[in-house]
>>> print(open('target.cif').read())   # mmCIF, C-alpha atoms
data_protein
loop_
_atom_site.label_atom_id
_atom_site.label_comp_id
_atom_site.auth_asym_id
_atom_site.auth_seq_id
_atom_site.Cartn_x
_atom_site.Cartn_y
_atom_site.Cartn_z
CA MET A 1 -25.64 4.39 -3.27
CA GLY A 2 -22.63 6.66 -3.85
CA LEU A 3 -20.31 4.16 -2.20
CA PHE A 4 -21.81 1.28 -4.21
CA LEU A 5 -21.33 3.10 -7.49
CA SER A 6 -17.79 4.19 -6.70
CA ARG A 7 -16.77 0.66 -5.70
CA ASN A 8 -18.16 -0.76 -8.93
CA LEU A 9 -16.28 1.90 -10.87
CA VAL A 10 -13.03 1.02 -9.11
CA ASN A 11 -13.61 -2.70 -9.80
CA PHE A 12 -14.08 -2.01 -13.50
CA LEU A 13 -11.05 0.26 -13.80
CA VAL A 14 -8.72 -2.07 -11.94
CA SER A 15 -9.85 -5.20 -13.79
CA PHE A 16 -9.44 -3.36 -17.10
CA SER A 17 -5.98 -2.06 -16.18
CA ALA A 18 -4.80 -5.47 -14.91
CA LYS A 19 -4.80 -6.75 -18.49
CA LYS A 20 -2.31 -4.11 -19.52
CA GLY A 21 0.52 -4.51 -17.01
CA PRO A 22 1.02 -2.53 -13.76
CA VAL A 23 -2.24 -1.59 -12.09
CA GLU A 24 -3.17 2.04 -11.64
CA LEU A 25 -6.12 2.80 -9.38
CA PHE A 26 -7.64 5.66 -11.39
CA PRO A 27 -7.13 7.09 -14.89
CA VAL A 28 -5.81 10.65 -14.97
CA GLN A 29 -9.13 12.37 -15.47
CA ILE A 30 -10.71 11.03 -12.27
CA LYS A 31 -7.72 10.53 -9.96
CA ASP A 32 -9.04 13.10 -7.51
CA VAL A 33 -12.45 11.41 -7.20
CA VAL A 34 -12.66 8.73 -4.51
CA SER A 35 -15.30 7.69 -2.05
CA LEU A 36 -14.91 9.46 1.28
CA VAL A 37 -16.36 6.48 3.16
CA SER A 38 -14.26 3.54 4.31
CA ARG A 39 -15.59 0.02 4.17
CA THR A 40 -16.61 -1.24 7.60
CA GLY A 41 -17.74 -4.55 9.05
CA ARG A 42 -16.52 -8.05 8.32
CA HIS A 43 -19.50 -9.69 6.63
CA LEU A 44 -17.50 -9.90 3.37
CA GLN A 45 -14.17 -10.73 5.00
CA ARG A 46 -12.07 -13.52 3.47
CA TYR A 47 -10.77 -16.33 5.68
CA GLU A 48 -8.47 -19.23 4.89
CA LYS A 49 -8.59 -22.03 7.47
CA ASP A 50 -9.87 -19.56 10.09
CA ARG A 51 -7.09 -17.09 9.29
CA ARG A 52 -8.23 -13.60 8.30
CA GLN A 53 -6.76 -12.50 4.96
CA VAL A 54 -5.12 -9.08 5.25
CA VAL A 55 -3.72 -7.05 2.35
CA GLY A 56 -1.47 -4.04 2.51
CA CYS A 57 0.82 -1.74 0.54
CA ILE A 58 4.18 -0.13 1.10
CA PRO A 59 3.75 3.26 -0.59
CA TYR A 60 7.03 4.72 -1.84
CA ARG A 61 8.39 7.53 -3.99
CA TYR A 62 11.63 9.11 -5.14
CA ARG A 63 11.96 12.67 -3.89
CA LYS A 64 14.20 15.09 -5.75
CA THR A 65 17.03 16.46 -3.60
CA ASP A 66 19.73 19.09 -4.05
CA GLN A 67 23.27 17.86 -3.53
CA SER A 68 26.08 20.09 -2.29
CA SER A 69 28.18 19.11 -5.30
CA GLY A 70 25.76 20.97 -7.52
CA GLY A 71 24.00 18.00 -9.06
CA GLY A 72 20.48 16.88 -8.31
CA GLY A 73 19.70 13.57 -6.66
CA GLU A 74 16.83 11.36 -5.55
CA GLU A 75 15.95 10.10 -2.09
CA LEU A 76 13.83 7.01 -1.59
CA GLU A 77 10.97 7.63 0.83
CA PHE A 78 8.20 5.48 2.29
CA LEU A 79 4.77 6.49 3.57
CA VAL A 80 3.66 5.29 6.99
CA VAL A 81 0.32 5.97 8.67
CA SER A 82 -0.70 6.05 12.29
CA SER A 83 -3.14 3.64 13.87
CA PRO A 84 -6.62 5.11 14.48
CA LYS A 85 -5.67 5.80 18.11
CA GLY A 86 -2.35 7.27 17.05
CA GLN A 87 -0.24 4.90 19.15
CA ARG A 88 1.57 3.02 16.36
CA MET A 89 2.90 3.66 12.88
CA MET A 90 2.50 1.14 10.07
CA PHE A 91 1.90 0.69 6.38
CA PRO A 92 -1.73 0.82 5.17
CA LYS A 93 -3.44 -2.56 5.35
CA GLY A 94 -6.83 -4.13 5.94
CA GLY A 95 -9.11 -7.03 5.22
CA TRP A 96 -9.36 -8.63 1.78
CA GLU A 97 -13.06 -8.94 0.98
CA LEU A 98 -14.99 -11.48 -1.05
CA ASP A 99 -16.14 -9.12 -3.80
CA GLU A 100 -12.68 -7.84 -4.80
CA THR A 101 -9.39 -9.17 -6.12
CA ILE A 102 -6.31 -9.01 -3.94
CA GLU A 103 -5.00 -6.14 -6.07
CA GLN A 104 -8.23 -4.20 -5.65
CA ALA A 105 -8.04 -4.70 -1.89
CA ALA A 106 -4.45 -3.41 -1.77
CA LEU A 107 -5.33 -0.29 -3.76
CA ARG A 108 -8.48 0.35 -1.75
CA GLU A 109 -6.67 0.16 1.59
CA SER A 110 -3.99 2.57 0.37
CA ALA A 111 -6.63 5.07 -0.73
CA GLU A 112 -8.74 4.66 2.41
CA GLU A 113 -6.01 4.77 5.05
CA ALA A 114 -3.22 6.80 3.44
CA GLY A 115 -4.97 8.82 0.74
CA VAL A 116 -2.56 7.82 -2.00
CA THR A 117 -2.96 6.26 -5.44
CA GLY A 118 -0.43 5.03 -7.94
CA THR A 119 1.01 1.98 -9.66
CA LEU A 120 0.69 -1.35 -7.88
CA GLU A 121 3.71 -3.60 -8.38
CA CYS A 122 4.33 -7.34 -7.98
CA LYS A 123 3.50 -8.79 -4.58
CA LEU A 124 6.37 -8.93 -2.10
CA GLY A 125 5.16 -12.05 -0.33
CA GLU A 126 2.85 -13.52 2.29
CA TRP A 127 3.35 -13.62 6.06
CA ARG A 128 1.50 -15.35 8.88
CA TYR A 129 1.33 -13.21 11.97
CA LYS A 130 -0.50 -13.02 15.28
CA SER A 131 -2.95 -10.20 15.89
CA LYS A 132 -2.09 -8.08 18.91
CA SER A 133 -5.73 -7.21 19.47
CA ASN A 134 -7.27 -10.68 19.80
CA GLY A 135 -4.43 -13.19 19.50
CA SER A 136 -5.74 -14.83 16.32
CA PHE A 137 -3.53 -15.60 13.33
CA HIS A 138 -3.79 -13.67 10.07
CA ASP A 139 -2.25 -14.07 6.63
CA GLY A 140 -0.72 -10.79 5.51
CA HIS A 141 -0.11 -10.07 1.80
CA MET A 142 2.02 -7.04 0.95
CA PHE A 143 2.49 -5.09 -2.30
CA PRO A 144 4.68 -2.11 -3.24
CA LEU A 145 2.83 1.00 -4.44
CA LEU A 146 4.73 3.60 -6.45
CA VAL A 147 2.81 6.71 -5.42
CA GLN A 148 1.75 9.10 -8.15
CA LYS A 149 -0.91 11.12 -6.34
CA GLU A 150 -1.51 12.26 -2.77
CA LEU A 151 -5.14 13.11 -2.13
CA ASP A 152 -6.16 16.13 -0.07
CA PHE A 153 -9.22 14.31 1.22
CA TRP A 154 -9.54 10.60 1.91
CA PRO A 155 -11.81 8.41 4.08
CA GLU A 156 -9.58 8.17 7.17
CA LYS A 157 -8.01 11.62 7.02
CA HIS A 158 -9.41 12.57 10.43
CA VAL A 159 -8.35 9.40 12.28
CA ARG A 160 -4.86 8.80 10.86
CA GLN A 161 -1.71 10.80 10.29
CA ARG A 162 0.51 10.07 7.28
CA ARG A 163 4.22 10.71 7.15
CA TRP A 164 6.95 10.32 4.52
CA VAL A 165 10.12 8.85 6.02
CA THR A 166 13.47 7.38 4.99
CA ALA A 167 14.07 3.63 4.93
CA ASP A 168 15.83 3.72 8.31
CA GLU A 169 13.03 5.75 9.85
CA ALA A 170 10.40 3.35 8.44
CA LYS A 171 12.22 0.40 9.99
CA GLU A 172 12.30 2.19 13.32
CA LEU A 173 8.70 3.41 13.29
CA CYS A 174 6.95 0.30 11.97
CA GLN A 175 6.47 -2.05 14.92
CA GLN A 176 5.09 -5.07 13.06
CA LEU A 177 7.82 -7.57 12.24
CA TRP A 178 6.14 -8.89 9.09
CA MET A 179 5.89 -5.39 7.68
CA LYS A 180 9.57 -4.77 8.42
CA GLU A 181 10.45 -7.95 6.53
CA ALA A 182 8.32 -6.82 3.59
CA LEU A 183 10.08 -3.45 3.64
CA GLU A 184 13.49 -5.14 3.54
CA LEU A 185 12.41 -7.16 0.50
CA LEU A 186 11.20 -4.02 -1.27
CA ILE A 187 14.45 -2.16 -0.56
CA GLN A 188 16.43 -5.09 -1.96
CA ARG A 189 14.21 -5.21 -5.06
CA LEU A 190 14.53 -1.48 -5.71
CA ARG A 191 18.30 -1.62 -5.21
CA GLN A 192 18.58 -4.46 -7.72
CA GLN A 193 16.45 -2.55 -10.20
CA LYS A 194 18.62 0.54 -9.82
CA ASN A 195 21.82 -1.48 -10.27
CA GLY A 196 20.35 -3.16 -13.35
CA GLN A 197 19.44 0.21 -14.86
CA ALA A 198 22.96 1.49 -14.20
CA VAL A 199 24.43 -1.52 -16.01
CA GLU A 200 22.11 -0.95 -18.96
CA ARG A 201 23.18 2.70 -19.20
CA GLN A 202 26.83 1.69 -19.20
CA ARG A 203 26.21 -0.79 -21.99
CA ALA A 204 24.39 1.82 -24.04
#
>>> encode(input="target.cif", output="structure tokens")
Amino acid sequence: MGLFLSRNLVNFLVSFSAKKGPVELFPVQIKDVVSLVSRTGRHLQRYEKDRRQVVGCIPYRYRKTDQSSGGGGEELEFLVVSSPKGQRMMFPKGGWELDETIEQAALRESAEEAGVTGTLECKLGEWRYKSKSNGSFHDGHMFPLLVQKELDFWPEKHVRQRRWVTADEAKELCQQLWMKEALELLIQRLRQQKNGQAVERQRA
């Protein structure tokens, strides 16, 4: 019952927020309250022409750094998580289910696997890839997530490790080609945004 109620609450909050621009998983007053149970089973799993629909996020943040010149700076970091058996590193992802929007699925997977919440940004794209476990083809949809909160407790805390890394480290650690391509697109997008902001400041 607790899981059912929390899922309905998430559905309401995300659908309400979607009308007002970038999607944030939880309002400030309940950001620390999430279900500690991951969804399991595939009875609600979405398929398109026999291809499982998979949704994921690339969680990122800007970390404040001290520069030797005396001025402060920012370093772009990305969050990767280990597979349940700890053999591979990747970005959080999982099945898109019938009773949720694609945005809700992306936010849920980030909370379940990585224990992070934040602002979901425009989708990076869609990739068709082959599953290493059973050889079937999946459609992977990937979103950027600007992280605003790291949870102390989350559903898969005891089966996954999470790690903040640089862009180069993320490219090295993430073994799935489609995720690497999504990461490259995000880096390009963020670089363009930064350059655009610099131009605006010069004009001002």
>>> atom_distance(input="target.cif", atom1="atom CA of A:Leu190", atom2="atom CA of A:Leu76")
9.5 Å
>>> residues_around(input="target.cif", residues="A:Arg52", least_positions_apart="5", cutoff="10 Å", atoms="only C-alpha atoms", output="list in words")
Arg42, Gln45, Arg46, Tyr47, Gly94, Gly95, Trp96, Glu97, Arg128, Ser131, Ser136, Phe137, His138, Asp139 and Gly140 of chain A
>>> resolve_selection(input="target.cif", expression="the PyMOL selection byres ((chain A and resi 63) around 9)", output="MDAnalysis selection string")
chainID A and resid 61:62 64:65 73:77
>>> write_last_selection(input="target.cif", atoms="C-alpha atoms", output="short mmCIF file (atom, residue, chain, number, x, y, z; two decimals), in the coordinates of the input")
data_model
loop_
_atom_site.label_atom_id
_atom_site.label_comp_id
_atom_site.auth_asym_id
_atom_site.auth_seq_id
_atom_site.Cartn_x
_atom_site.Cartn_y
_atom_site.Cartn_z
CA ARG A 61 8.39 7.53 -3.99
CA TYR A 62 11.63 9.11 -5.14
CA LYS A 64 14.20 15.09 -5.75
CA THR A 65 17.03 16.46 -3.60
CA GLY A 73 19.70 13.57 -6.66
CA GLU A 74 16.83 11.36 -5.55
CA GLU A 75 15.95 10.10 -2.09
CA LEU A 76 13.83 7.01 -1.59
CA GLU A 77 10.97 7.63 0.83
#
>>> atom_distance(input="target.cif", atom1="atom CA of A:Met89", atom2="atom CA of A:Val159")
12.6 Å
>>> residues_around(input="target.cif", residues="stretch 180-185 of chain A", least_positions_apart="3", cutoff="7 Å", atoms="only C-alpha atoms", output="PDB file with C-alpha atoms, in the coordinates of the input")
ATOM      1  CA  LEU A 124       6.370  -8.930  -2.100  1.00  0.00           C
ATOM      2  CA  MET A 142       2.020  -7.040   0.950  1.00  0.00           C
ATOM      3  CA  LYS A 171      12.220   0.400   9.990  1.00  0.00           C
ATOM      4  CA  CYS A 174       6.950   0.300  11.970  1.00  0.00           C
ATOM      5  CA  GLN A 176       5.090  -5.070  13.060  1.00  0.00           C
ATOM      6  CA  LEU A 177       7.820  -7.570  12.240  1.00  0.00           C
ATOM      7  CA  GLN A 188      16.430  -5.090  -1.960  1.00  0.00           C
ATOM      8  CA  ARG A 189      14.210  -5.210  -5.060  1.00  0.00           C
TER       9      ARG A 189
END
>>> resolve_selection(input="target.cif", expression="the PyMOL selection byres ((chain A and resi 103-107) around 8)", output="ChimeraX atom specification")
/A:10-11,14,25,55-57,93-97,100-102,108-111,117,120,142-143
>>> residues_around(input="target.cif", residues="A:Leu79", least_positions_apart="5", cutoff="12 Å", atoms="only C-alpha atoms", output="compact mmCIF listing (two decimals) with C-alpha atoms, in the coordinates of the input")
# COMPACT_ATOMS: atom_id res chain seq x y z
CA CYS A 57 0.82 -1.74 0.54
CA ILE A 58 4.18 -0.13 1.10
CA PRO A 59 3.75 3.26 -0.59
CA TYR A 60 7.03 4.72 -1.84
CA ARG A 61 8.39 7.53 -3.99
CA TYR A 62 11.63 9.11 -5.14
CA MET A 89 2.90 3.66 12.88
CA MET A 90 2.50 1.14 10.07
CA PHE A 91 1.90 0.69 6.38
CA PRO A 92 -1.73 0.82 5.17
CA SER A 110 -3.99 2.57 0.37
CA GLU A 113 -6.01 4.77 5.05
CA ALA A 114 -3.22 6.80 3.44
CA GLY A 115 -4.97 8.82 0.74
CA VAL A 116 -2.56 7.82 -2.00
CA THR A 117 -2.96 6.26 -5.44
CA PRO A 144 4.68 -2.11 -3.24
CA LEU A 145 2.83 1.00 -4.44
CA LEU A 146 4.73 3.60 -6.45
CA VAL A 147 2.81 6.71 -5.42
CA GLU A 150 -1.51 12.26 -2.77
CA GLN A 161 -1.71 10.80 10.29
CA ARG A 162 0.51 10.07 7.28
CA ARG A 163 4.22 10.71 7.15
CA TRP A 164 6.95 10.32 4.52
CA VAL A 165 10.12 8.85 6.02
CA THR A 166 13.47 7.38 4.99
CA ALA A 167 14.07 3.63 4.93
CA GLU A 169 13.03 5.75 9.85
CA ALA A 170 10.40 3.35 8.44
CA LYS A 171 12.22 0.40 9.99
CA LEU A 173 8.70 3.41 13.29
CA CYS A 174 6.95 0.30 11.97
CA LEU A 183 10.08 -3.45 3.64
>>> closest_residue(input="target.cif", among="A:Gln175, A:Gln148, A:Gln53, A:Thr119", to="A:Val80", atoms="only C-alpha atoms")
A:Gln175
>>> closest_residue(input="target.cif", among="A:Glu112, A:Gln87, A:His141, A:Leu44", to="A:Pro155", atoms="only C-alpha atoms")
A:Glu112
>>> atom_distance(input="target.cif", atom1="atom CA of A:Trp178", atom2="atom CA of A:Gly125")
10.0 Å
>>> closest_residue(input="target.cif", among="A:Leu98, A:Gly86, A:Leu186, A:Lys149", to="A:Lys123", atoms="only C-alpha atoms")
A:Leu186
